[in-house]
>>> print(open('data-v7.txt').read())   # compact mmCIF, C-alpha atoms and all ligand atoms
# COMPACT_ATOMS: atom_id res chain seq x y z
CA MET A 8 80.42 36.13 63.96
CA LYS A 9 77.02 35.43 62.40
CA ILE A 10 74.32 38.07 62.31
CA LEU A 11 70.73 37.50 61.23
CA GLY A 12 69.24 40.70 59.77
CA ILE A 13 65.58 41.63 59.35
CA GLU A 14 64.27 44.61 57.34
CA THR A 15 60.56 45.54 57.14
CA SER A 16 60.55 49.36 57.18
CA CYS A 17 58.56 49.89 53.98
CA ASP A 18 57.46 47.58 51.17
CA GLU A 19 60.32 45.10 51.06
CA THR A 20 60.45 42.14 53.44
CA SER A 21 64.08 41.12 53.65
CA VAL A 22 66.13 38.65 55.69
CA ALA A 23 69.89 38.15 55.51
CA VAL A 24 72.57 36.09 57.19
CA LEU A 25 76.04 37.61 57.49
CA ASP A 26 79.11 35.56 58.40
CA ASP A 27 81.79 38.04 59.52
CA LYS A 28 81.81 40.40 56.53
CA THR A 29 80.42 37.91 53.99
CA VAL A 30 76.76 37.85 53.02
CA LEU A 31 75.68 34.19 53.04
CA VAL A 32 72.17 35.00 51.92
CA ASN A 33 70.09 38.15 51.31
CA LEU A 34 66.45 37.41 50.51
CA VAL A 35 64.26 40.30 49.39
CA SER A 36 60.54 39.98 48.77
CA SER A 37 59.10 43.12 47.14
CA GLN A 38 55.41 43.76 47.67
CA LEU A 39 53.98 44.15 44.18
CA MET A 40 50.40 44.81 45.29
CA HIS A 41 51.17 48.51 45.89
CA GLN A 42 51.71 49.09 42.16
CA GLN A 43 47.96 49.31 41.49
CA TYR A 44 47.71 52.19 44.02
CA GLY A 45 50.71 54.14 42.70
CA GLY A 46 52.37 54.15 46.14
CA VAL A 47 52.79 52.14 49.32
CA VAL A 48 49.58 51.43 51.29
CA PRO A 49 50.84 51.16 54.90
CA GLU A 50 48.22 48.71 56.19
CA LEU A 51 48.75 46.32 53.28
CA ALA A 52 52.52 46.54 53.79
CA SER A 53 52.29 45.50 57.46
CA ARG A 54 49.98 42.61 56.68
CA GLU A 55 52.25 41.30 53.94
CA HIS A 56 55.33 41.51 56.19
CA MET A 57 53.39 39.56 58.80
CA ARG A 58 52.35 36.93 56.26
CA ILE A 59 55.81 36.09 54.96
CA LEU A 60 58.45 37.11 57.53
CA ASP A 61 58.46 33.85 59.47
CA SER A 62 58.91 31.69 56.36
CA LEU A 63 61.53 34.08 54.93
CA VAL A 64 63.64 33.69 58.11
CA THR A 65 63.37 29.89 57.86
CA GLU A 66 64.34 30.02 54.17
CA ALA A 67 67.33 32.31 54.89
CA LEU A 68 68.64 29.95 57.57
CA ASP A 69 68.11 26.92 55.31
CA LYS A 70 69.82 28.50 52.32
CA SER A 71 72.79 29.70 54.35
CA GLN A 72 72.96 26.34 56.17
CA VAL A 73 73.20 28.16 59.48
CA GLU A 74 71.35 26.92 62.57
CA LEU A 75 69.54 29.48 64.67
CA THR A 76 71.71 28.38 67.62
CA ASP A 77 74.83 29.45 65.65
CA ILE A 78 73.58 33.04 65.20
CA ASP A 79 75.38 35.54 67.44
CA GLY A 80 73.03 38.50 67.18
CA ILE A 81 69.69 39.51 65.69
CA ALA A 82 69.73 42.83 63.86
CA VAL A 83 66.50 44.55 62.92
CA THR A 84 65.45 47.93 61.50
CA ARG A 85 63.81 50.06 64.21
CA GLY A 86 63.33 53.22 62.10
CA PRO A 87 62.79 55.30 60.09
CA GLY A 88 59.86 53.86 58.17
CA LEU A 89 56.17 53.05 58.42
CA MET A 90 55.13 52.43 62.01
CA GLY A 91 53.11 49.28 61.35
CA ALA A 92 55.68 47.80 59.01
CA LEU A 93 58.54 48.49 61.43
CA LEU A 94 56.58 46.93 64.30
CA VAL A 95 56.19 43.64 62.46
CA GLY A 96 59.96 43.18 62.05
CA LEU A 97 60.86 44.57 65.45
CA SER A 98 58.33 42.46 67.36
CA PHE A 99 59.42 39.36 65.48
CA ALA A 100 63.10 40.06 66.20
CA LYS A 101 62.39 40.74 69.88
CA GLY A 102 60.55 37.43 70.19
CA LEU A 103 63.34 35.56 68.45
CA ALA A 104 66.05 37.23 70.55
CA PHE A 105 64.16 36.44 73.75
CA ALA A 106 63.47 32.81 72.81
CA THR A 107 67.06 32.13 71.71
CA GLU A 108 68.72 34.35 74.34
CA LYS A 109 70.67 36.20 71.64
CA PRO A 110 71.41 39.92 71.71
CA LEU A 111 69.00 42.23 69.91
CA LEU A 112 70.59 44.89 67.67
CA GLY A 113 68.20 47.72 66.76
CA VAL A 114 69.42 49.34 63.53
CA ASN A 115 68.85 52.78 62.04
CA HIS A 116 67.81 52.11 58.43
CA VAL A 117 69.58 55.26 57.16
CA GLU A 118 72.83 54.16 58.77
CA GLY A 119 72.20 50.77 57.13
CA HIS A 120 72.15 52.39 53.67
CA ILE A 121 75.54 53.99 54.35
CA MET A 122 76.97 50.73 55.74
CA ALA A 123 75.84 48.86 52.60
CA ASN A 124 78.98 50.22 50.98
CA PHE A 125 81.17 48.09 53.23
CA LEU A 126 79.53 44.94 51.83
CA ASP A 127 81.02 45.57 48.40
CA HIS A 128 84.06 47.58 49.45
CA PRO A 129 85.62 46.05 52.57
CA GLU A 130 88.66 48.27 51.98
CA LEU A 131 86.62 51.47 52.45
CA ASP A 132 87.68 53.42 55.54
CA TYR A 133 86.57 56.54 57.40
CA PRO A 134 86.23 59.46 57.03
CA PHE A 135 84.23 60.02 53.85
CA LEU A 136 81.49 62.16 52.37
CA CYS A 137 78.18 60.43 51.65
CA LEU A 138 75.38 61.38 49.30
CA LEU A 139 72.37 59.56 50.71
CA VAL A 140 69.51 59.49 48.19
CA SER A 141 66.47 57.34 48.87
CA GLY A 142 62.68 57.51 48.80
CA GLY A 143 62.64 59.46 52.07
CA HIS A 144 66.05 61.13 52.26
CA THR A 145 68.36 63.37 50.29
CA GLN A 146 71.33 64.33 52.40
CA ILE A 147 75.02 65.13 52.11
CA ILE A 148 76.64 63.65 55.20
CA PHE A 149 80.16 63.89 56.54
CA VAL A 150 80.86 60.44 57.97
CA LYS A 151 83.73 60.73 60.43
CA ASP A 152 83.32 57.25 61.81
CA PHE A 153 80.64 54.65 62.52
CA HIS A 154 77.87 56.44 64.48
CA ASP A 155 79.54 59.83 63.90
CA TYR A 156 77.62 61.83 61.33
CA THR A 157 77.34 65.51 60.43
CA ILE A 158 74.57 66.45 58.02
CA LEU A 159 75.94 69.16 55.74
CA GLY A 160 72.95 69.49 53.43
CA ARG A 161 69.49 68.07 52.88
CA SER A 162 66.37 68.44 50.79
CA ILE A 163 64.06 71.10 52.16
CA ASP A 164 61.04 69.40 50.56
CA ASP A 165 60.79 66.20 48.45
CA ALA A 166 63.49 63.53 48.52
CA ALA A 167 65.18 62.63 45.22
CA GLY A 168 63.48 59.21 45.13
CA GLU A 169 60.14 60.88 45.76
CA ALA A 170 60.79 63.24 42.82
CA PHE A 171 61.33 60.18 40.59
CA ASP A 172 58.22 58.44 41.92
CA LYS A 173 56.05 61.55 41.47
CA ALA A 174 57.22 62.03 37.88
CA ALA A 175 56.35 58.43 37.10
CA ARG A 176 52.90 59.00 38.57
CA ILE A 177 52.35 62.17 36.50
CA LEU A 178 53.50 60.33 33.36
CA ASN A 179 51.48 57.21 34.24
CA LEU A 180 54.51 54.94 34.17
CA GLY A 181 54.00 52.80 37.28
CA TYR A 182 55.54 52.41 40.74
CA PRO A 183 58.26 52.66 41.96
CA GLY A 184 59.15 55.34 39.45
CA GLY A 185 62.94 55.53 39.82
CA PRO A 186 63.90 52.37 37.94
CA ILE A 187 61.29 53.03 35.22
CA VAL A 188 62.38 56.65 34.62
CA ASP A 189 66.03 55.49 34.65
CA ARG A 190 65.28 52.88 31.97
CA LEU A 191 63.17 55.14 29.73
CA ALA A 192 65.67 58.00 30.02
CA ARG A 193 68.43 55.87 28.51
CA ILE A 194 67.09 56.45 24.99
CA GLY A 195 65.78 59.99 25.65
CA LYS A 196 67.35 63.42 25.05
CA PRO A 197 68.28 65.28 28.28
CA GLU A 198 68.19 68.60 26.39
CA PHE A 199 64.58 68.05 25.15
CA TYR A 200 63.10 70.29 27.88
CA HIS A 201 64.76 72.50 30.49
CA PHE A 202 63.28 71.77 33.92
CA PRO A 203 64.14 74.16 36.79
CA ARG A 204 67.23 73.52 38.94
CA ALA A 205 66.52 74.92 42.40
CA ASN A 206 69.29 76.99 43.90
CA ILE A 207 68.94 77.35 47.66
CA LYS A 208 70.37 80.72 48.58
CA ASP A 209 70.92 80.34 52.33
CA ASN A 210 72.66 76.97 52.06
CA PRO A 211 73.96 75.91 48.64
CA THR A 212 74.36 72.32 49.88
CA ASN A 213 70.59 72.02 50.42
CA PHE A 214 68.23 70.66 47.76
CA SER A 215 64.67 71.30 46.64
CA PHE A 216 62.77 69.07 44.22
CA SER A 217 59.14 70.08 44.64
CA GLY A 218 59.28 72.81 41.95
CA LEU A 219 60.57 70.27 39.48
CA LYS A 220 57.59 67.98 39.97
CA THR A 221 55.20 70.94 39.63
CA ALA A 222 56.91 72.03 36.40
CA LEU A 223 56.37 68.56 34.93
CA LEU A 224 52.76 68.49 36.08
CA TYR A 225 51.99 71.86 34.43
CA LEU A 226 53.80 70.88 31.25
CA VAL A 227 51.80 67.67 30.91
CA ARG A 228 48.54 69.52 31.67
CA GLN A 229 49.35 72.13 29.05
CA LYS A 230 50.53 69.75 26.30
CA GLY A 231 48.19 66.84 27.03
CA SER A 232 48.75 63.22 27.95
CA GLU A 233 49.08 61.99 24.36
CA TRP A 234 52.00 64.36 23.81
CA ALA A 235 53.54 63.21 27.11
CA GLU A 236 53.19 59.56 26.13
CA LYS A 237 54.81 60.24 22.73
CA HIS A 238 57.76 62.05 24.34
CA LYS A 239 58.08 59.98 27.52
CA ASN A 240 61.71 58.99 26.88
CA ASP A 241 62.79 62.59 26.31
CA LEU A 242 60.73 63.84 29.26
CA CYS A 243 62.26 61.22 31.57
CA ALA A 244 65.77 62.05 30.36
CA SER A 245 65.23 65.82 30.80
CA TYR A 246 63.61 65.46 34.22
CA GLN A 247 66.28 63.02 35.43
CA GLU A 248 68.99 65.37 34.22
CA ALA A 249 67.57 68.21 36.33
CA ILE A 250 67.79 65.98 39.43
CA MET A 251 71.29 64.85 38.49
CA ASP A 252 72.58 68.37 37.89
CA VAL A 253 71.81 69.48 41.44
CA LEU A 254 72.81 66.19 43.10
CA VAL A 255 76.14 66.02 41.30
CA THR A 256 77.01 69.74 41.53
CA ASN A 257 76.17 70.12 45.23
CA THR A 258 77.96 66.92 46.20
CA ILE A 259 81.14 67.58 44.26
CA GLU A 260 81.29 71.22 45.43
CA THR A 261 80.93 70.07 49.03
CA ALA A 262 83.64 67.44 48.56
CA ILE A 263 86.01 70.06 47.12
CA GLN A 264 85.22 72.64 49.83
CA ARG A 265 85.76 70.11 52.61
CA GLU A 266 88.82 68.65 50.88
CA CYS A 267 87.20 65.25 51.06
CA ARG A 268 88.77 62.81 48.61
CA LYS A 269 86.39 59.92 49.26
CA LEU A 270 82.76 59.97 48.18
CA VAL A 271 80.17 57.30 48.92
CA LEU A 272 76.68 56.97 47.42
CA ALA A 273 73.87 55.30 49.34
CA GLY A 274 70.12 54.59 49.09
CA GLY A 275 67.75 53.51 46.32
CA VAL A 276 68.55 56.40 43.95
CA ALA A 277 72.23 55.37 44.11
CA ALA A 278 71.08 52.58 41.74
CA ASN A 279 70.42 55.22 39.07
CA SER A 280 72.64 54.55 36.06
CA ARG A 281 72.99 58.23 35.12
CA LEU A 282 73.97 59.22 38.67
CA ARG A 283 76.55 56.45 38.82
CA SER A 284 78.14 57.42 35.51
CA ARG A 285 78.06 61.20 36.02
CA ILE A 286 79.42 61.12 39.55
CA SER A 287 82.15 58.66 38.55
CA GLU A 288 83.19 60.82 35.62
CA ILE A 289 83.38 64.11 37.51
CA SER A 290 85.00 62.51 40.58
CA MET A 291 87.78 61.22 38.36
CA GLN A 292 88.41 64.75 37.06
CA TYR A 293 88.85 66.03 40.61
CA GLY A 294 90.84 63.04 41.90
CA ILE A 295 88.02 61.92 44.20
CA SER A 296 87.53 58.18 44.79
CA VAL A 297 83.90 57.21 44.48
CA TYR A 298 82.14 54.16 45.95
CA PHE A 299 78.63 52.87 45.49
CA PRO A 300 76.91 49.66 46.59
CA SER A 301 76.06 46.96 44.05
CA LEU A 302 72.49 47.35 42.78
CA GLU A 303 71.04 44.74 45.16
CA TYR A 304 72.40 46.66 48.18
CA CYS A 305 71.24 50.13 47.01
CA THR A 306 67.54 49.52 47.54
CA ASP A 307 66.13 48.20 50.82
CA ASN A 308 67.73 44.94 51.94
CA ALA A 309 68.57 43.10 55.15
CA ALA A 310 72.26 42.55 54.30
CA MET A 311 72.95 46.22 55.12
CA ILE A 312 70.99 45.81 58.38
CA SER A 313 73.10 42.77 59.30
CA ARG A 314 76.29 44.65 58.41
CA THR A 315 75.29 47.54 60.69
CA GLY A 316 74.29 45.03 63.37
CA ARG A 317 77.79 43.59 63.20
CA GLU A 318 79.29 47.00 64.02
CA LEU A 319 76.86 47.41 66.92
CA TYR A 320 77.72 43.93 68.21
CA ILE A 321 81.47 44.60 68.08
CA ARG A 322 80.91 47.75 70.17
CA GLN A 323 78.57 45.86 72.53
CA LEU A 324 75.81 48.30 71.63
CA PHE A 325 73.00 45.86 72.33
CA SER A 326 69.37 46.97 72.43
CA SER A 327 67.02 46.34 75.30
CA SER A 328 63.86 44.36 74.67
CA SER A 329 61.87 47.51 75.41
CA ILE A 330 63.11 49.54 72.40
CA SER A 331 60.35 50.90 70.23
CA ALA A 332 59.96 51.47 66.53
CA VAL A 333 60.75 55.09 65.63
CA PRO A 334 59.11 56.10 62.31
CA ASN A 335 60.94 59.45 62.18
CA LEU A 336 64.35 58.25 63.36
CA THR A 337 67.22 60.26 61.87
CA LEU A 338 70.99 60.07 62.11
CA GLU A 339 70.82 63.08 64.43
CA ASN A 340 68.14 61.96 66.92
CA ASP A 341 69.46 58.38 67.20
CA PHE A 342 70.69 58.09 70.77
O1 LIG B 1 66.42 53.19 49.67
P1 LIG B 1 65.11 52.79 49.12
O2 LIG B 1 64.95 51.38 48.58
O3 LIG B 1 63.96 53.00 50.17
C1 LIG B 1 63.97 54.04 51.08
O4 LIG B 1 64.62 53.90 52.14
O5 LIG B 1 63.32 55.06 50.75
O6 LIG B 1 64.78 53.85 47.98
C2 LIG B 1 63.62 53.76 47.23
C3 LIG B 1 63.63 54.89 46.22
C4 LIG B 1 62.35 54.98 45.42
O7 LIG B 1 61.92 56.33 45.42
C5 LIG B 1 62.76 54.52 44.03
O8 LIG B 1 62.01 55.11 42.99
C6 LIG B 1 64.21 54.97 44.00
O9 LIG B 1 64.70 54.70 45.29
N1 LIG B 1 65.02 54.23 43.00
C7 LIG B 1 65.59 54.82 41.93
C8 LIG B 1 66.20 53.79 41.18
N2 LIG B 1 65.99 52.61 41.84
C9 LIG B 1 65.26 52.90 42.94
N3 LIG B 1 65.64 56.12 41.55
C10 LIG B 1 66.28 56.40 40.42
N4 LIG B 1 66.87 55.47 39.63
C11 LIG B 1 66.87 54.17 39.97
N5 LIG B 1 67.45 53.27 39.19
ZN ZN B 2 65.79 52.50 52.38
>>> encode(input="data-v7.txt", output="structure tokens")
Amino acid sequence: MKILGIETSCDETSVAVLDDKTVLVNLVSSQLMHQQYGGVVPELASREHMRILDSLVTEALDKSQVELTDIDGIAVTRGPGLMGALLVGLSFAKGLAFATEKPLLGVNHVEGHIMANFLDHPELDYPFLCLLVSGGHTQIIFVKDFHDYTILGRSIDDAAGEAFDKAARILNLGYPGGPIVDRLARIGKPEFYHFPRANIKDNPTNFSFSGLKTALLYLVRQKGSEWAEKHKNDLCASYQEAIMDVLVTNTIETAIQRECRKLVLAGGVAANSRLRSRISEISMQYGISVYFPSLEYCTDNAAMISRTGRELYIRQLFSSSSISAVPNLTLENDF
């Protein structure tokens, strides 16, 4: 079974071709023009998707040596994401599905991040606990089966990725902040400064990161930007450690409480080197098996959309041509 996947929910245009469970090609074009604005400009994102999507699909088919007629289904992200950006991919996929008379498979991007794990770990099976950490989400999810999710905890304010991006903005490091903070933190001291670790009383599996960002902002205002520049490695390491402490503690405690012996990481922040090493280390101590996607499948990509599309196809969960883009789609309101 061959699935063509299209992802345009934010600032990455991506097209993939999946043959059964093997990724034949996964092309990702990251929109660099947003860097000068310190964040994604929605209108520019839509226009750029529109400019390159057609040629990226042609290139993906060429590189995988697959004819459009040999494709079984067309998978596309329908939410969550930026409305305009989503519409570009979805409209394109609808047109292609109609013209080729292939089934359309509308994919939930969040589910795609979870499914990315099956690309690298075909042996992974349900149920498992998932820590989903991206630019828009921070959730601990009990995954009983495909399409069967229970959210056990979530961020009550900023997502973990957002906390990284905001720190990078405060420290003038560039966008997106996560990979930059990750890199600078490698030669910094995590104990340089103690940032607050929010403890949510009513639900200890919930997260809060907005106080952390404010603490950094006030510190930089108080000490000055020259001081911040001089200590950027230590500041990144200390700030990152505060995020890691709550992510790792909450996730492992939940896994132990629920007697879940399988833990899966998903989303852009799952690419973080400190998260990968800390969660691996502590999981080993507690006899928990941990899985994370390879770096290319952590951040937004169409291979994970194709992989999710494959599951939908197998279950005959085809989408009608009238489906709409849903910017605030969640795992809970996806029906
Ligand atoms: O999953 P993703 O590509 O897009 C969303 O669906 O949101 O995640 C993007 C987020 C950004 O906030 C980015 O800064 C963060 O993932 N990120 C990282 C790393 N790589 C990407 N955060 C921490 N460390 C990284 N190495
Ligand atoms: Zn994403």
>>> closest_residue(input="data-v7.txt", among="A:Phe99, A:Phe171, A:Phe153, A:Tyr304", to="ligand LIG 1 (chain B)", atoms="all atoms listed in the file")
A:Phe171
>>> residues_near_ligand(input="data-v7.txt", ligand="ligand LIG 1 (chain B)", cutoff="9 Å", atoms="all atoms listed in the file", output="number ranges by chain")
A: 16-19, 87-88, 116-117, 120, 139-144, 166-173, 175, 182-190, 247, 273-282, 302, 304-308
>>> write_last_selection(input="data-v7.txt", atoms="C-alpha atoms", output="mmCIF file, keeping the file's coordinate frame")
data_model
loop_
_atom_site.group_PDB
_atom_site.id
_atom_site.type_symbol
_atom_site.label_atom_id
_atom_site.label_comp_id
_atom_site.auth_asym_id
_atom_site.auth_seq_id
_atom_site.Cartn_x
_atom_site.Cartn_y
_atom_site.Cartn_z
ATOM 1 C CA SER A 16 60.550 49.360 57.180
ATOM 2 C CA CYS A 17 58.560 49.890 53.980
ATOM 3 C CA ASP A 18 57.460 47.580 51.170
ATOM 4 C CA GLU A 19 60.320 45.100 51.060
ATOM 5 C CA PRO A 87 62.790 55.300 60.090
ATOM 6 C CA GLY A 88 59.860 53.860 58.170
ATOM 7 C CA HIS A 116 67.810 52.110 58.430
ATOM 8 C CA VAL A 117 69.580 55.260 57.160
ATOM 9 C CA HIS A 120 72.150 52.390 53.670
ATOM 10 C CA LEU A 139 72.370 59.560 50.710
ATOM 11 C CA VAL A 140 69.510 59.490 48.190
ATOM 12 C CA SER A 141 66.470 57.340 48.870
ATOM 13 C CA GLY A 142 62.680 57.510 48.800
ATOM 14 C CA GLY A 143 62.640 59.460 52.070
ATOM 15 C CA HIS A 144 66.050 61.130 52.260
ATOM 16 C CA ALA A 166 63.490 63.530 48.520
ATOM 17 C CA ALA A 167 65.180 62.630 45.220
ATOM 18 C CA GLY A 168 63.480 59.210 45.130
ATOM 19 C CA GLU A 169 60.140 60.880 45.760
ATOM 20 C CA ALA A 170 60.790 63.240 42.820
ATOM 21 C CA PHE A 171 61.330 60.180 40.590
ATOM 22 C CA ASP A 172 58.220 58.440 41.920
ATOM 23 C CA LYS A 173 56.050 61.550 41.470
ATOM 24 C CA ALA A 175 56.350 58.430 37.100
ATOM 25 C CA TYR A 182 55.540 52.410 40.740
ATOM 26 C CA PRO A 183 58.260 52.660 41.960
ATOM 27 C CA GLY A 184 59.150 55.340 39.450
ATOM 28 C CA GLY A 185 62.940 55.530 39.820
ATOM 29 C CA PRO A 186 63.900 52.370 37.940
ATOM 30 C CA ILE A 187 61.290 53.030 35.220
ATOM 31 C CA VAL A 188 62.380 56.650 34.620
ATOM 32 C CA ASP A 189 66.030 55.490 34.650
ATOM 33 C CA ARG A 190 65.280 52.880 31.970
ATOM 34 C CA GLN A 247 66.280 63.020 35.430
ATOM 35 C CA ALA A 273 73.870 55.300 49.340
ATOM 36 C CA GLY A 274 70.120 54.590 49.090
ATOM 37 C CA GLY A 275 67.750 53.510 46.320
ATOM 38 C CA VAL A 276 68.550 56.400 43.950
ATOM 39 C CA ALA A 277 72.230 55.370 44.110
ATOM 40 C CA ALA A 278 71.080 52.580 41.740
ATOM 41 C CA ASN A 279 70.420 55.220 39.070
ATOM 42 C CA SER A 280 72.640 54.550 36.060
ATOM 43 C CA ARG A 281 72.990 58.230 35.120
ATOM 44 C CA LEU A 282 73.970 59.220 38.670
ATOM 45 C CA LEU A 302 72.490 47.350 42.780
ATOM 46 C CA TYR A 304 72.400 46.660 48.180
ATOM 47 C CA CYS A 305 71.240 50.130 47.010
ATOM 48 C CA THR A 306 67.540 49.520 47.540
ATOM 49 C CA ASP A 307 66.130 48.200 50.820
ATOM 50 C CA ASN A 308 67.730 44.940 51.940
#
>>> closest_residue(input="data-v7.txt", among="A:Glu260, A:Asp77, A:Asp165, A:Glu118", to="ligand ZN 2 (chain B)", atoms="only C-alpha atoms and all ligand atoms")
A:Glu118
>>> residues_around(input="data-v7.txt", residues="Phe202 (chain A)", least_positions_apart="2", cutoff="10 Å", atoms="only C-alpha atoms", output="list in words")
Pro197, Glu198, Phe199, Tyr200, Arg204, Ala205, Gly218, Leu219, Lys220, Thr221, Ala222, Leu223, Leu226, Leu242, Ser245, Tyr246, Gln247, Glu248, Ala249 and Ile250 of chain A
>>> write_last_selection(input="data-v7.txt", atoms="C-alpha atoms", output="PDB file, in the coordinates of the input")
ATOM      1  CA  PRO A 197      68.280  65.280  28.280  1.00  0.00           C
ATOM      2  CA  GLU A 198      68.190  68.600  26.390  1.00  0.00           C
ATOM      3  CA  PHE A 199      64.580  68.050  25.150  1.00  0.00           C
ATOM      4  CA  TYR A 200      63.100  70.290  27.880  1.00  0.00           C
ATOM      5  CA  ARG A 204      67.230  73.520  38.940  1.00  0.00           C
ATOM      6  CA  ALA A 205      66.520  74.920  42.400  1.00  0.00           C
ATOM      7  CA  GLY A 218      59.280  72.810  41.950  1.00  0.00           C
ATOM      8  CA  LEU A 219      60.570  70.270  39.480  1.00  0.00           C
ATOM      9  CA  LYS A 220      57.590  67.980  39.970  1.00  0.00           C
ATOM     10  CA  THR A 221      55.200  70.940  39.630  1.00  0.00           C
ATOM     11  CA  ALA A 222      56.910  72.030  36.400  1.00  0.00           C
ATOM     12  CA  LEU A 223      56.370  68.560  34.930  1.00  0.00           C
ATOM     13  CA  LEU A 226      53.800  70.880  31.250  1.00  0.00           C
ATOM     14  CA  LEU A 242      60.730  63.840  29.260  1.00  0.00           C
ATOM     15  CA  SER A 245      65.230  65.820  30.800  1.00  0.00           C
ATOM     16  CA  TYR A 246      63.610  65.460  34.220  1.00  0.00           C
ATOM     17  CA  GLN A 247      66.280  63.020  35.430  1.00  0.00           C
ATOM     18  CA  GLU A 248      68.990  65.370  34.220  1.00  0.00           C
ATOM     19  CA  ALA A 249      67.570  68.210  36.330  1.00  0.00           C
ATOM     20  CA  ILE A 250      67.790  65.980  39.430  1.00  0.00           C
TER      21      ILE A 250
END
>>> closest_residue(input="data-v7.txt", among="A:Thr20, A:Lys109, A:Leu68, A:Arg314", to="Pro129 (chain A)", atoms="only C-alpha atoms")
A:Arg314
>>> closest_residue(input="data-v7.txt", among="A:Val47, A:Ile121, A:Val24, A:Ile194", to="ligand ZN 2 (chain B)", atoms="all atoms listed in the file")
A:Ile121
>>> closest_residue(input="data-v7.txt", among="A:Gln38, A:Asn33, A:Ser326, A:Thr84", to="Ala67 (chain A)", atoms="all atoms listed in the file")
A:Asn33
>>> residues_near_point(input="data-v7.txt", point="(61.8, 43.3, 77.9)", cutoff="12 Å", atoms="all atoms listed in the file", output="list in words")
Ser98, Lys101, Gly102, Ala104, Phe105, Ala106, Glu108, Pro110, Leu111, Ser326, Ser327, Ser328, Ser329, Ile330 and Ser331 of chain A
>>> residues_around(input="data-v7.txt", residues="Asp209 (chain A)", least_positions_apart="4", cutoff="12 Å", atoms="only C-alpha atoms", output="PDB file with C-alpha atoms, keeping the file's coordinate frame")
ATOM      1  CA  GLY A 160      72.950  69.490  53.430  1.00  0.00           C
ATOM      2  CA  ILE A 163      64.060  71.100  52.160  1.00  0.00           C
ATOM      3  CA  ASN A 213      70.590  72.020  50.420  1.00  0.00           C
ATOM      4  CA  PHE A 214      68.230  70.660  47.760  1.00  0.00           C
TER       5      PHE A 214
END
>>> atom_distance(input="data-v7.txt", atom1="CA of Ala262 (chain A)", atom2="CA of Arg283 (chain A)")
16.3 Å
